[in-house]
Structures are given as C-alpha cells and as structure tokens.
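Q: One structure is given below, represented as structure tokens, and several questions about it will come after.
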Amino acid sequence: MAYTIGRHPCEDSPRLGAMTLYPTPESVPRARRWFRKFIAPYNPACSIDDCTLMISELVTNAIRYGQADETWVVRVEWFREGASLRAEVHNPGFPAAVRLRHPDADDAHGRGLLLVDSIAESWHSGPSRFGGTVVSFVVADAWPS
C-alpha cells in the first residue's frame, strides 16, 4: 500500500494528504485509520468522525462499483480550501453510475451517498482527472477563518 502526506499546506499546494489503496475490503478500515492519523496534525474544528465515516462510505462504493480491465487502485485525497475541507475518492468506474439512492428500510445497501449528502456541506461526482470517476465532499468551517 502506498500513501503520501503533505505536511505543510500553502496557497500553491492545498493538498493535505493522499493515499492509494487496492480495491479490497481490507482497504476500507485502512482508509479510516490513515485519514484519522494524517488529518490530526492539522487540528480541524470539524468532526473527524463524520469525515472518516464519509471517506469510509466513498471508499466502499469505489471498491464495490469501480471497474477496469487491468489492475486498478482507489485514490483518496484531501485538501484545505480556505476554511473548508474537501475530500476526493477516485476509481475507474463510470461517472454516470453515481447516484443518490433512497433505499427501503430492509435494503442492505444504498445508504453511502445518502449519509454523505446528510453530513457534508456539499458533494459532487464526475469524471476523475485520473480517468474514471471522482466523488468528493466538502465540509464547511473545518478550520477557523
């Protein structure tokens, strides 16, 4: 597994951290642990638990729905944008396949984006700069202005 972390964000480089994960179920708890570890030094004022939950849901979706003919990875990056935190999860799936569902109470799946939609200030999906799909969320007021 590979990961990178930028320790000193500045205007020219707002990325705080990144990780690259294999598309396996073991990568979901790894994403949670690494995000918690690498965001902590930046001392965000937002709920790290909420952000970790949203990253966990998006990584799960990326692993579940990502598709490629060759070996592929899930990329997770997080950025400071002013007082906001933005996190992105990239996979080789199809952007048009990302949709907000409203599952029935007895459905076993389909709540990941619903959770993100209810917690984040906003979320977005579309084509990834790496090819495939990116799903991102923004948490406002993650740091004092």
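Quick note on naming: the chains in the structure tokens go A, B, ... in the order shown, residues restart at 1 in each chain, and ligands are numbered from 1 in order of appearance.
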I'd like the contact shell of Ser122 in chain A - 10 Å cut-off, only C-alpha atoms, skipping same-chain residues fewer than 5 positions apart - returned as a ChimeraX atom specification.

A: /A:86,116-117,136-140

Q: Check chain A with DSSP on the backbone and list each residue it calls strand (DSSP E or B), as a PyMOL selection string.

A: chain A and resi 2-5+10+13+15-21+74-81+84-91+122-127+133-139

Q: Skipping near chain neighbours, those fewer than 5 positions away, what residues fall within 10 Å of range 62-78 of chain A using only C-alpha atoms, listed as a tab-separated table (two decimals) with all heavy atoms, in the first residue's frame?

A:
chain	number	residue	atom	x	y	z
A	1	MET	N	0.84	-1.17	0.00
A	1	MET	CA	0.00	0.00	0.00
A	1	MET	C	0.88	1.24	0.00
A	1	MET	O	1.91	1.26	0.65
A	1	MET	CB	-0.81	0.03	1.27
A	1	MET	CG	-2.29	-0.18	1.22
A	1	MET	SD	-3.13	-0.49	-0.29
A	1	MET	CE	-2.82	-2.20	-0.50
A	2	ALA	N	0.45	2.26	-0.71
A	2	ALA	CA	1.22	3.49	-0.77
A	2	ALA	C	0.39	4.63	-0.22
A	2	ALA	O	-0.82	4.63	-0.32
A	2	ALA	CB	1.60	3.78	-2.22
A	3	TYR	N	1.07	5.58	0.37
A	3	TYR	CA	0.40	6.80	0.78
A	3	TYR	C	1.39	7.93	0.74
A	3	TYR	O	2.59	7.73	0.79
A	3	TYR	CB	-0.22	6.68	2.18
A	3	TYR	CG	0.78	6.52	3.29
A	3	TYR	CD1	1.34	7.64	3.90
A	3	TYR	CD2	1.17	5.27	3.72
A	3	TYR	CE1	2.26	7.51	4.90
A	3	TYR	CE2	2.09	5.14	4.73
A	3	TYR	CZ	2.64	6.26	5.33
A	3	TYR	OH	3.55	6.13	6.32
A	4	THR	N	0.87	9.13	0.58
A	4	THR	CA	1.70	10.32	0.66
A	4	THR	C	0.98	11.31	1.55
A	4	THR	O	-0.23	11.26	1.72
A	4	THR	CB	1.91	10.95	-0.73
A	4	THR	OG1	0.64	11.26	-1.29
A	4	THR	CG2	2.68	10.03	-1.65
A	5	ILE	N	1.75	12.17	2.14
A	5	ILE	CA	1.16	13.18	3.01
A	5	ILE	C	1.96	14.47	2.83
A	5	ILE	O	3.18	14.44	2.78
A	5	ILE	CB	1.16	12.72	4.48
A	5	ILE	CG1	0.49	13.73	5.40
A	5	ILE	CG2	2.53	12.41	4.99
A	5	ILE	CD1	-0.98	13.63	5.40
A	14	PRO	N	-2.69	23.13	-1.71
A	14	PRO	CA	-3.68	22.95	-0.63
A	14	PRO	C	-3.89	21.49	-0.22
A	14	PRO	O	-4.62	21.23	0.72
A	14	PRO	CB	-4.95	23.52	-1.24
A	14	PRO	CG	-4.79	23.27	-2.71
A	14	PRO	CD	-3.32	23.44	-2.97
A	15	ARG	N	-3.25	20.53	-0.92
A	15	ARG	CA	-3.46	19.13	-0.58
A	15	ARG	C	-2.80	18.82	0.76
A	15	ARG	O	-1.63	19.09	0.96
A	15	ARG	CB	-2.91	18.21	-1.66
A	15	ARG	CG	-3.31	16.75	-1.40
A	15	ARG	CD	-2.95	15.86	-2.53
A	15	ARG	NE	-1.57	15.44	-2.34
A	15	ARG	CZ	-0.96	14.56	-3.11
A	15	ARG	NH1	-1.58	14.04	-4.13
A	15	ARG	NH2	0.28	14.23	-2.87
A	16	LEU	N	-3.59	18.26	1.66
A	16	LEU	CA	-3.08	17.89	2.98
A	16	LEU	C	-2.60	16.46	3.02
A	16	LEU	O	-1.73	16.12	3.81
A	16	LEU	CB	-4.18	18.07	4.04
A	16	LEU	CG	-4.75	19.47	4.19
A	16	LEU	CD1	-5.85	19.48	5.23
A	16	LEU	CD2	-3.66	20.47	4.52
A	17	GLY	N	-3.17	15.59	2.20
A	17	GLY	CA	-2.76	14.20	2.21
A	17	GLY	C	-3.40	13.41	1.10
A	17	GLY	O	-4.35	13.87	0.45
A	18	ALA	N	-2.87	12.22	0.89
A	18	ALA	CA	-3.39	11.34	-0.15
A	18	ALA	C	-3.01	9.91	0.20
A	18	ALA	O	-2.04	9.67	0.91
A	18	ALA	CB	-2.81	11.71	-1.51
A	19	MET	N	-3.82	8.99	-0.28
A	19	MET	CA	-3.49	7.58	-0.13
A	19	MET	C	-3.95	6.83	-1.37
A	19	MET	O	-4.89	7.24	-2.04
A	19	MET	CB	-4.09	6.98	1.14
A	19	MET	CG	-5.58	7.05	1.26
A	19	MET	SD	-6.16	6.41	2.85
A	19	MET	CE	-6.87	7.89	3.54
A	20	THR	N	-3.25	5.76	-1.66
A	20	THR	CA	-3.60	4.89	-2.77
A	20	THR	C	-3.86	3.52	-2.17
A	20	THR	O	-3.05	3.00	-1.41
A	20	THR	CB	-2.44	4.82	-3.78
A	20	THR	OG1	-2.15	6.14	-4.23
A	20	THR	CG2	-2.82	3.96	-4.98
A	21	LEU	N	-5.01	2.95	-2.50
A	21	LEU	CA	-5.47	1.70	-1.88
A	21	LEU	C	-5.81	0.67	-2.95
A	21	LEU	O	-6.32	1.00	-4.01
A	21	LEU	CB	-6.74	1.97	-1.06
A	21	LEU	CG	-6.63	3.05	0.01
A	21	LEU	CD1	-8.01	3.56	0.38
A	21	LEU	CD2	-5.91	2.50	1.21
A	22	TYR	N	-5.54	-0.58	-2.63
A	22	TYR	CA	-6.01	-1.65	-3.50
A	22	TYR	C	-7.52	-1.81	-3.33
A	22	TYR	O	-8.05	-1.55	-2.24
A	22	TYR	CB	-5.31	-2.98	-3.17
A	22	TYR	CG	-3.84	-2.96	-3.50
A	22	TYR	CD1	-2.90	-3.09	-2.50
A	22	TYR	CD2	-3.41	-2.82	-4.82
A	22	TYR	CE1	-1.54	-3.07	-2.79
A	22	TYR	CE2	-2.07	-2.80	-5.11
A	22	TYR	CZ	-1.14	-2.93	-4.10
A	22	TYR	OH	0.20	-2.90	-4.40
A	23	PRO	N	-8.22	-2.24	-4.36
A	23	PRO	CA	-9.68	-2.37	-4.26
A	23	PRO	C	-10.09	-3.66	-3.56
A	23	PRO	O	-10.69	-4.56	-4.15
A	23	PRO	CB	-10.13	-2.34	-5.72
A	23	PRO	CG	-8.96	-2.89	-6.48
A	23	PRO	CD	-7.74	-2.46	-5.73
A	24	THR	N	-9.74	-3.74	-2.27
A	24	THR	CA	-10.09	-4.91	-1.46
A	24	THR	C	-10.82	-4.43	-0.21
A	24	THR	O	-10.63	-3.29	0.23
A	24	THR	CB	-8.83	-5.69	-1.04
A	24	THR	OG1	-8.02	-4.84	-0.23
A	24	THR	CG2	-8.04	-6.17	-2.25
A	25	PRO	N	-11.63	-5.28	0.40
A	25	PRO	CA	-12.36	-4.87	1.61
A	25	PRO	C	-11.44	-4.39	2.74
A	25	PRO	O	-11.82	-3.52	3.52
A	25	PRO	CB	-13.12	-6.14	2.02
A	25	PRO	CG	-13.27	-6.91	0.75
A	25	PRO	CD	-12.03	-6.63	-0.05
A	27	SER	N	-9.06	-2.47	2.58
A	27	SER	CA	-8.68	-1.07	2.36
A	27	SER	C	-9.63	-0.09	3.04
A	27	SER	O	-9.24	1.05	3.30
A	27	SER	CB	-8.61	-0.77	0.86
A	27	SER	OG	-7.50	-1.43	0.30
A	28	VAL	N	-10.84	-0.50	3.34
A	28	VAL	CA	-11.80	0.42	3.97
A	28	VAL	C	-11.35	0.79	5.39
A	28	VAL	O	-11.22	1.99	5.69
A	28	VAL	CB	-13.23	-0.14	3.93
A	28	VAL	CG1	-14.19	0.79	4.64
A	28	VAL	CG2	-13.67	-0.37	2.48
A	31	ALA	N	-8.24	2.97	5.14
A	31	ALA	CA	-8.53	4.36	4.78
A	31	ALA	C	-8.97	5.15	6.01
A	31	ALA	O	-8.56	6.30	6.21
A	31	ALA	CB	-9.60	4.42	3.69
A	35	PHE	N	-6.64	8.20	7.35
A	35	PHE	CA	-7.20	9.55	7.34
A	35	PHE	C	-7.13	10.14	8.75
A	35	PHE	O	-6.70	11.28	8.92
A	35	PHE	CB	-8.64	9.56	6.82
A	35	PHE	CG	-9.24	10.93	6.89
A	35	PHE	CD1	-8.90	11.91	5.97
A	35	PHE	CD2	-10.13	11.26	7.90
A	35	PHE	CE1	-9.42	13.19	6.05
A	35	PHE	CE2	-10.66	12.53	8.00
A	35	PHE	CZ	-10.31	13.50	7.07
A	38	PHE	N	-3.49	11.09	9.57
A	38	PHE	CA	-2.87	12.15	8.79
A	38	PHE	C	-3.61	13.49	8.86
A	38	PHE	O	-3.03	14.53	8.57
A	38	PHE	CB	-2.70	11.71	7.34
A	38	PHE	CG	-1.74	10.56	7.21
A	38	PHE	CD1	-2.02	9.51	6.36
A	38	PHE	CD2	-0.57	10.53	7.95
A	38	PHE	CE1	-1.13	8.45	6.23
A	38	PHE	CE2	0.32	9.47	7.83
A	38	PHE	CZ	0.04	8.43	6.97
A	39	ILE	N	-4.89	13.49	9.25
A	39	ILE	CA	-5.60	14.77	9.39
A	39	ILE	C	-5.38	15.37	10.77
A	39	ILE	O	-5.43	16.59	10.94
A	39	ILE	CB	-7.11	14.61	9.07
A	39	ILE	CG1	-7.76	15.99	8.80
A	39	ILE	CG2	-7.85	13.92	10.19
A	39	ILE	CD1	-7.32	16.69	7.57
A	55	ILE	N	-15.55	9.24	4.21
A	55	ILE	CA	-14.47	8.62	3.42
A	55	ILE	C	-14.67	7.12	3.36
A	55	ILE	O	-14.54	6.50	2.30
A	55	ILE	CB	-13.10	9.01	3.99
A	55	ILE	CG1	-12.81	10.46	3.62
A	55	ILE	CG2	-12.00	8.06	3.50
A	55	ILE	CD1	-11.57	11.04	4.23
A	56	SER	N	-15.03	6.51	4.48
A	56	SER	CA	-15.28	5.07	4.52
A	56	SER	C	-16.38	4.67	3.54
A	56	SER	O	-16.24	3.69	2.79
A	56	SER	CB	-15.66	4.67	5.94
A	56	SER	OG	-15.94	3.31	6.02
A	57	GLU	N	-17.46	5.41	3.52
A	57	GLU	CA	-18.57	5.12	2.61
A	57	GLU	C	-18.14	5.27	1.15
A	57	GLU	O	-18.48	4.44	0.30
A	57	GLU	CB	-19.77	6.01	2.91
A	57	GLU	CG	-20.42	5.74	4.24
A	57	GLU	CD	-21.04	4.35	4.35
A	57	GLU	OE1	-21.46	3.79	3.31
A	57	GLU	OE2	-21.10	3.82	5.47
A	85	LEU	N	-12.78	21.78	4.26
A	85	LEU	CA	-12.07	20.54	3.95
A	85	LEU	C	-12.79	19.88	2.78
A	85	LEU	O	-14.01	19.74	2.80
A	85	LEU	CB	-12.09	19.59	5.15
A	85	LEU	CG	-11.60	18.16	4.91
A	85	LEU	CD1	-10.10	18.14	4.66
A	85	LEU	CD2	-11.95	17.27	6.08
A	86	ARG	N	-12.03	19.53	1.74
A	86	ARG	CA	-12.60	18.78	0.61
A	86	ARG	C	-11.86	17.46	0.51
A	86	ARG	O	-10.63	17.42	0.56
A	86	ARG	CB	-12.44	19.55	-0.70
A	86	ARG	CG	-12.99	18.79	-1.91
A	86	ARG	CD	-13.02	19.63	-3.17
A	86	ARG	NE	-11.76	20.29	-3.46
A	86	ARG	CZ	-10.76	19.76	-4.16
A	86	ARG	NH1	-10.86	18.53	-4.64
A	86	ARG	NH2	-9.65	20.45	-4.37
A	87	ALA	N	-12.61	16.38	0.39
A	87	ALA	CA	-12.03	15.05	0.21
A	87	ALA	C	-12.53	14.48	-1.11
A	87	ALA	O	-13.69	14.69	-1.48
A	87	ALA	CB	-12.41	14.13	1.36
A	88	GLU	N	-11.65	13.78	-1.81
A	88	GLU	CA	-11.98	13.16	-3.09
A	88	GLU	C	-11.63	11.69	-3.05
A	88	GLU	O	-10.59	11.31	-2.51
A	88	GLU	CB	-11.17	13.79	-4.23
A	88	GLU	CG	-11.35	15.25	-4.43
A	88	GLU	CD	-10.46	15.82	-5.53
A	88	GLU	OE1	-9.52	15.14	-5.98
A	88	GLU	OE2	-10.73	16.97	-5.93
A	89	VAL	N	-12.49	10.87	-3.66
A	89	VAL	CA	-12.22	9.44	-3.82
A	89	VAL	C	-12.35	9.13	-5.31
A	89	VAL	O	-13.39	9.39	-5.91
A	89	VAL	CB	-13.18	8.58	-2.97
A	89	VAL	CG1	-12.90	7.10	-3.21
A	89	VAL	CG2	-13.04	8.93	-1.49
A	90	HIS	N	-11.27	8.60	-5.89
A	90	HIS	CA	-11.19	8.32	-7.33
A	90	HIS	C	-11.18	6.82	-7.56
A	90	HIS	O	-10.52	6.08	-6.85
A	90	HIS	CB	-9.88	8.89	-7.90
A	90	HIS	CG	-9.72	10.36	-7.71
A	90	HIS	ND1	-10.03	11.28	-8.69
A	90	HIS	CD2	-9.27	11.08	-6.65
A	90	HIS	CE1	-9.77	12.49	-8.24
A	90	HIS	NE2	-9.30	12.41	-7.00
A	91	ASN	N	-11.92	6.38	-8.60
A	91	ASN	CA	-11.89	4.98	-9.02
A	91	ASN	C	-12.12	4.92	-10.52
A	91	ASN	O	-12.54	5.90	-11.12
A	91	ASN	CB	-12.92	4.15	-8.24
A	91	ASN	CG	-14.34	4.41	-8.68
A	91	ASN	OD1	-14.73	4.02	-9.78
A	91	ASN	ND2	-15.13	5.07	-7.85
A	92	PRO	N	-11.86	3.77	-11.16
A	92	PRO	CA	-12.00	3.68	-12.61
A	92	PRO	C	-13.42	3.40	-13.09
A	92	PRO	O	-13.61	3.00	-14.22
A	92	PRO	CB	-11.05	2.54	-12.98
A	92	PRO	CG	-11.10	1.66	-11.79
A	92	PRO	CD	-11.23	2.57	-10.60
A	93	GLY	N	-14.43	3.60	-12.25
A	93	GLY	CA	-15.81	3.34	-12.67
A	93	GLY	C	-16.34	4.41	-13.60
A	93	GLY	O	-15.63	5.31	-14.03
A	94	PHE	N	-17.62	4.34	-13.88
A	94	PHE	CA	-18.28	5.26	-14.81
A	94	PHE	C	-18.98	6.38	-14.04
A	94	PHE	O	-19.82	6.10	-13.19
A	94	PHE	CB	-19.29	4.51	-15.68
A	94	PHE	CG	-18.65	3.41	-16.47
A	94	PHE	CD1	-18.81	2.08	-16.09
A	94	PHE	CD2	-17.87	3.69	-17.57
A	94	PHE	CE1	-18.21	1.06	-16.80
A	94	PHE	CE2	-17.26	2.68	-18.29
A	94	PHE	CZ	-17.43	1.35	-17.91
A	95	PRO	N	-18.66	7.65	-14.33
A	95	PRO	CA	-19.27	8.76	-13.59
A	95	PRO	C	-20.79	8.77	-13.62
A	95	PRO	O	-21.43	9.13	-12.64
A	95	PRO	CB	-18.71	10.00	-14.29
A	95	PRO	CG	-17.44	9.55	-14.92
A	95	PRO	CD	-17.68	8.11	-15.30
A	97	ALA	N	-22.75	6.42	-13.34
A	97	ALA	CA	-23.32	5.40	-12.46
A	97	ALA	C	-23.50	5.90	-11.02
A	97	ALA	O	-24.17	5.25	-10.23
A	97	ALA	CB	-22.44	4.16	-12.47
A	98	VAL	N	-22.91	7.04	-10.67
A	98	VAL	CA	-23.03	7.57	-9.30
A	98	VAL	C	-24.38	8.25	-9.17
A	98	VAL	O	-24.72	9.15	-9.93
A	98	VAL	CB	-21.90	8.58	-9.01
A	98	VAL	CG1	-22.07	9.18	-7.61
A	98	VAL	CG2	-20.54	7.92	-9.15
A	130	PHE	N	-7.80	11.30	-13.13
A	130	PHE	CA	-7.03	10.08	-13.33
A	130	PHE	C	-7.73	9.13	-14.31
A	130	PHE	O	-7.25	8.04	-14.56
A	130	PHE	CB	-6.84	9.35	-11.99
A	130	PHE	CG	-6.12	10.16	-10.95
A	130	PHE	CD1	-6.79	10.63	-9.84
A	130	PHE	CD2	-4.78	10.46	-11.10
A	130	PHE	CE1	-6.14	11.38	-8.88
A	130	PHE	CE2	-4.11	11.22	-10.14
A	130	PHE	CZ	-4.79	11.67	-9.03
A	132	GLY	N	-11.88	7.66	-15.16
A	132	GLY	CA	-12.90	7.06	-14.31
A	132	GLY	C	-13.72	8.11	-13.59
A	132	GLY	O	-14.10	9.12	-14.16
A	133	THR	N	-13.97	7.88	-12.29
A	133	THR	CA	-14.91	8.68	-11.52
A	133	THR	C	-14.24	9.27	-10.28
A	133	THR	O	-13.39	8.64	-9.67
A	133	THR	CB	-16.06	7.77	-11.04
A	133	THR	OG1	-16.71	7.24	-12.19
A	133	THR	CG2	-17.08	8.52	-10.21
A	134	VAL	N	-14.68	10.46	-9.91
A	134	VAL	CA	-14.33	11.03	-8.62
A	134	VAL	C	-15.63	11.40	-7.92
A	134	VAL	O	-16.58	11.90	-8.55
A	134	VAL	CB	-13.42	12.28	-8.73
A	134	VAL	CG1	-14.08	13.40	-9.51
A	134	VAL	CG2	-13.01	12.76	-7.34
A	135	VAL	N	-15.70	11.09	-6.64
A	135	VAL	CA	-16.79	11.55	-5.78
A	135	VAL	C	-16.11	12.33	-4.66
A	135	VAL	O	-15.17	11.84	-4.04
A	135	VAL	CB	-17.64	10.40	-5.22
A	135	VAL	CG1	-18.76	10.95	-4.34
A	135	VAL	CG2	-18.22	9.56	-6.34
A	136	SER	N	-16.57	13.56	-4.44
A	136	SER	CA	-15.94	14.40	-3.43
A	136	SER	C	-17.00	14.98	-2.50
A	136	SER	O	-18.18	15.01	-2.83
A	136	SER	CB	-15.17	15.54	-4.09
A	136	SER	OG	-16.05	16.38	-4.82
A	137	PHE	N	-16.55	15.41	-1.34
A	137	PHE	CA	-17.43	16.13	-0.43
A	137	PHE	C	-16.68	17.30	0.18
A	137	PHE	O	-15.45	17.31	0.22
A	137	PHE	CB	-18.00	15.22	0.66
A	137	PHE	CG	-17.00	14.65	1.63
A	137	PHE	CD1	-16.54	15.39	2.72
A	137	PHE	CD2	-16.50	13.37	1.46
A	137	PHE	CE1	-15.62	14.86	3.61
A	137	PHE	CE2	-15.59	12.84	2.35
A	137	PHE	CZ	-15.14	13.59	3.43
A	138	VAL	N	-17.45	18.30	0.63
A	138	VAL	CA	-16.89	19.48	1.28
A	138	VAL	C	-17.52	19.61	2.65
A	138	VAL	O	-18.74	19.48	2.81
A	138	VAL	CB	-17.16	20.75	0.44
A	138	VAL	CG1	-16.75	22.00	1.21
A	138	VAL	CG2	-16.47	20.67	-0.90

Q: I'd like the interatomic distance between CA of Leu114 in chain A and CA of Thr52 in chain A, to a tenth of an Å.

A: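 A separation of 15.1 Å between them.
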
Q: Do you know which residues are at most 10 Å from Ala45 in chain A counting only C-alpha atoms, after dropping those on the same chain fewer than 2 positions away, and could you put them as a PDB file with all heavy atoms, in the first residue's frame?

A:
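Wrote part-v9.pdb, looks like this:
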ATOM      1  N   TYR A  42      -3.362  18.608  11.590  1.00  0.00           N
ATOM      2  CA  TYR A  42      -3.926  19.869  11.093  1.00  0.00           C
ATOM      3  C   TYR A  42      -5.004  20.418  12.013  1.00  0.00           C
ATOM      4  O   TYR A  42      -5.512  21.508  11.788  1.00  0.00           O
ATOM      5  CB  TYR A  42      -4.458  19.688   9.673  1.00  0.00           C
ATOM      6  CG  TYR A  42      -3.350  19.319   8.713  1.00  0.00           C
ATOM      7  CD1 TYR A  42      -3.226  18.029   8.237  1.00  0.00           C
ATOM      8  CD2 TYR A  42      -2.409  20.266   8.325  1.00  0.00           C
ATOM      9  CE1 TYR A  42      -2.199  17.686   7.377  1.00  0.00           C
ATOM     10  CE2 TYR A  42      -1.376  19.935   7.469  1.00  0.00           C
ATOM     11  CZ  TYR A  42      -1.279  18.641   6.997  1.00  0.00           C
ATOM     12  OH  TYR A  42      -0.258  18.308   6.151  1.00  0.00           O
ATOM     13  N   ASN A  43      -5.368  19.631  13.031  1.00  0.00           N
ATOM     14  CA  ASN A  43      -6.290  20.069  14.075  1.00  0.00           C
ATOM     15  C   ASN A  43      -7.576  20.700  13.530  1.00  0.00           C
ATOM     16  O   ASN A  43      -7.904  21.841  13.864  1.00  0.00           O
ATOM     17  CB  ASN A  43      -5.563  21.047  15.013  1.00  0.00           C
ATOM     18  CG  ASN A  43      -6.253  21.157  16.338  1.00  0.00           C
ATOM     19  OD1 ASN A  43      -6.974  20.252  16.754  1.00  0.00           O
ATOM     20  ND2 ASN A  43      -6.023  22.263  17.015  1.00  0.00           N
ATOM     21  N   SER A  47     -15.891  17.596  12.737  1.00  0.00           N
ATOM     22  CA  SER A  47     -15.897  16.252  13.301  1.00  0.00           C
ATOM     23  C   SER A  47     -15.055  15.310  12.440  1.00  0.00           C
ATOM     24  O   SER A  47     -15.418  15.010  11.294  1.00  0.00           O
ATOM     25  CB  SER A  47     -17.331  15.729  13.393  1.00  0.00           C
ATOM     26  OG  SER A  47     -17.323  14.349  13.698  1.00  0.00           O
ATOM     27  N   ILE A  48     -13.949  14.850  12.991  1.00  0.00           N
ATOM     28  CA  ILE A  48     -13.123  13.867  12.281  1.00  0.00           C
ATOM     29  C   ILE A  48     -13.908  12.572  12.112  1.00  0.00           C
ATOM     30  O   ILE A  48     -13.776  11.887  11.099  1.00  0.00           O
ATOM     31  CB  ILE A  48     -11.786  13.647  13.009  1.00  0.00           C
ATOM     32  CG1 ILE A  48     -10.943  14.915  12.926  1.00  0.00           C
ATOM     33  CG2 ILE A  48     -11.028  12.462  12.413  1.00  0.00           C
ATOM     34  CD1 ILE A  48      -9.645  14.866  13.706  1.00  0.00           C
ATOM     35  N   ALA A  83     -11.443  27.841   4.721  1.00  0.00           N
ATOM     36  CA  ALA A  83     -11.846  27.236   5.996  1.00  0.00           C
ATOM     37  C   ALA A  83     -12.485  25.863   5.807  1.00  0.00           C
ATOM     38  O   ALA A  83     -12.886  25.225   6.767  1.00  0.00           O
ATOM     39  CB  ALA A  83     -12.816  28.165   6.721  1.00  0.00           C
ATOM     40  N   ALA A 140     -17.770  22.473   5.428  1.00  0.00           N
ATOM     41  CA  ALA A 140     -17.520  23.897   5.673  1.00  0.00           C
ATOM     42  C   ALA A 140     -17.035  24.095   7.107  1.00  0.00           C
ATOM     43  O   ALA A 140     -17.269  23.262   7.978  1.00  0.00           O
ATOM     44  CB  ALA A 140     -18.802  24.690   5.434  1.00  0.00           C
ATOM     45  N   ASP A 141     -16.355  25.199   7.327  1.00  0.00           N
ATOM     46  CA  ASP A 141     -15.891  25.580   8.667  1.00  0.00           C
ATOM     47  C   ASP A 141     -15.069  24.485   9.338  1.00  0.00           C
ATOM     48  O   ASP A 141     -15.182  24.259  10.537  1.00  0.00           O
ATOM     49  CB  ASP A 141     -17.071  25.977   9.561  1.00  0.00           C
ATOM     50  CG  ASP A 141     -17.855  27.132   8.965  1.00  0.00           C
ATOM     51  OD1 ASP A 141     -17.222  28.036   8.383  1.00  0.00           O
ATOM     52  OD2 ASP A 141     -19.093  27.124   9.081  1.00  0.00           O
ATOM     53  N   ALA A 142     -14.236  23.812   8.559  1.00  0.00           N
ATOM     54  CA  ALA A 142     -13.372  22.780   9.118  1.00  0.00           C
ATOM     55  C   ALA A 142     -12.231  23.410   9.922  1.00  0.00           C
ATOM     56  O   ALA A 142     -11.666  22.756  10.793  1.00  0.00           O
ATOM     57  CB  ALA A 142     -12.810  21.899   8.004  1.00  0.00           C
ATOM     58  N   TRP A 143     -11.893  24.661   9.598  1.00  0.00           N
ATOM     59  CA  TRP A 143     -10.893  25.413  10.326  1.00  0.00           C
ATOM     60  C   TRP A 143     -11.414  26.822  10.542  1.00  0.00           C
ATOM     61  O   TRP A 143     -12.200  27.317   9.730  1.00  0.00           O
ATOM     62  CB  TRP A 143      -9.580  25.489   9.545  1.00  0.00           C
ATOM     63  CG  TRP A 143      -8.856  24.188   9.517  1.00  0.00           C
ATOM     64  CD1 TRP A 143      -8.017  23.704  10.464  1.00  0.00           C
ATOM     65  CD2 TRP A 143      -8.920  23.184   8.491  1.00  0.00           C
ATOM     66  NE1 TRP A 143      -7.552  22.460  10.099  1.00  0.00           N
ATOM     67  CE2 TRP A 143      -8.092  22.125   8.891  1.00  0.00           C
ATOM     68  CE3 TRP A 143      -9.582  23.083   7.275  1.00  0.00           C
ATOM     69  CZ2 TRP A 143      -7.903  20.984   8.129  1.00  0.00           C
ATOM     70  CZ3 TRP A 143      -9.413  21.941   6.514  1.00  0.00           C
ATOM     71  CH2 TRP A 143      -8.576  20.902   6.940  1.00  0.00           C
ATOM     72  N   PRO A 144     -10.966  27.485  11.603  1.00  0.00           N
ATOM     73  CA  PRO A 144     -11.377  28.880  11.797  1.00  0.00           C
ATOM     74  C   PRO A 144     -10.903  29.734  10.615  1.00  0.00           C
ATOM     75  O   PRO A 144      -9.848  29.471  10.050  1.00  0.00           O
ATOM     76  CB  PRO A 144     -10.675  29.296  13.089  1.00  0.00           C
ATOM     77  CG  PRO A 144     -10.317  28.018  13.780  1.00  0.00           C
ATOM     78  CD  PRO A 144     -10.136  26.992  12.697  1.00  0.00           C
TER      79      PRO A 144
END

Q: So, with only C-alpha atoms as the atoms that count, which of A:Cys46, A:Ala40, A:Val59, A:Leu53 lies closest to Glu26 in chain A?

A: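 With only C-alpha atoms as the atom set, the closest residue is A:Val59.
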